[in-house]
Amino acid sequence: MDSQSPLTKDPAAYMWEVALKTAAKQEFHFSPECEANLKERLTSGLEVYKIGLYEFRDRIKEAEESIEKLVQLTISEEITTNPASRVLHEPSMFTALYARKLCPGLWPLC
C-alpha cells in the first residue's frame, strides 16, 4: 500500500487496516461475522506459522498483496451472490478462500 514499509507492532491489526482500506475503495464494508472471521484468520495465521515482527516487516508487501487479493475476490463473490450488496459476508470469503483455491499460498493466512 505505501511505498515504504511501516514499522508495525501489531501485524494482525495492520493487515486488518489493509483489508478495510481495500474494501472501502469499492464502497464495501465487512459484516460483524466476516470481520470477526478475518481477524481470527489473521491472528491464527501469524501464530501457526510463527511469524514475528522481523519476518513480517521483511514480507510486508507480500502480506498486503495477499490481503488485497482476498478482499477483491471476496467482493467479487459477494457481487455474484447479491449484486446490490455492499456488505461482505462469511460465505463470500469462504468461497474466495477455498472454491477459488487461494489456500494454501495466501501468506500469512494459509
# chains A, B, ... in the order shown; residues from 1 in each chain; ligands from 1

$ closest_atom_pairs --of "region 7-51 of chain A" --to "region 75-97 of chain A" --cutoff "8 Å" --atoms "only C-alpha atoms" --output "Markdown table"
| residue | atom | partner | partner_atom | distance |
| --- | --- | --- | --- | --- |
| A:Ala23 | CA | A:Ile75 | CA | 7.7 |
| A:Glu27 | CA | A:Arg86 | CA | 6.7 |
| A:Phe28 | CA | A:Arg86 | CA | 4.7 |
| A:His29 | CA | A:Val87 | CA | 5.1 |
| A:Phe30 | CA | A:Leu88 | CA | 4.7 |
| A:Ser31 | CA | A:His89 | CA | 5.7 |
| A:Glu33 | CA | A:Glu90 | CA | 6.6 |
| A:Cys34 | CA | A:Glu90 | CA | 4.7 |
| A:Asn37 | CA | A:Glu90 | CA | 7.3 |

$ residues_around --residues "Glu65 (chain A)" --least-positions-apart "6" --cutoff "10 Å" --atoms "only C-alpha atoms" --output "list in words"
Met1, Val18, Val71, Leu106 and Trp107 of chain A

$ atom_distance --atom1 "CA of Asp10 (chain A)" --atom2 "CA of Ser66 (chain A)"
17.1 Å

$ residues_around --residues "Glu47 (chain A)" --least-positions-apart "3" --cutoff "12 Å" --atoms "only C-alpha atoms" --output "list in words"
Pro11, Ala12, Glu40, Arg41, Leu42, Thr43, Ser44, Lys50, Ile51, Gly52, Leu53, Phe56, Pro108, Leu109 and Cys110 of chain A

$ closest_residue --among "A:Val48, A:Leu73, A:Leu20, A:Pro104" --to "Glu35 (chain A)" --atoms "only C-alpha atoms"
A:Leu20

$ atom_distance --atom1 "CA of Lys101 (chain A)" --atom2 "CA of Arg57 (chain A)"
26.1 Å

$ closest_residue --among "A:Pro32, A:Leu46, A:Tyr14, A:Lys25" --to "Lys61 (chain A)" --atoms "only C-alpha atoms"
A:Tyr14
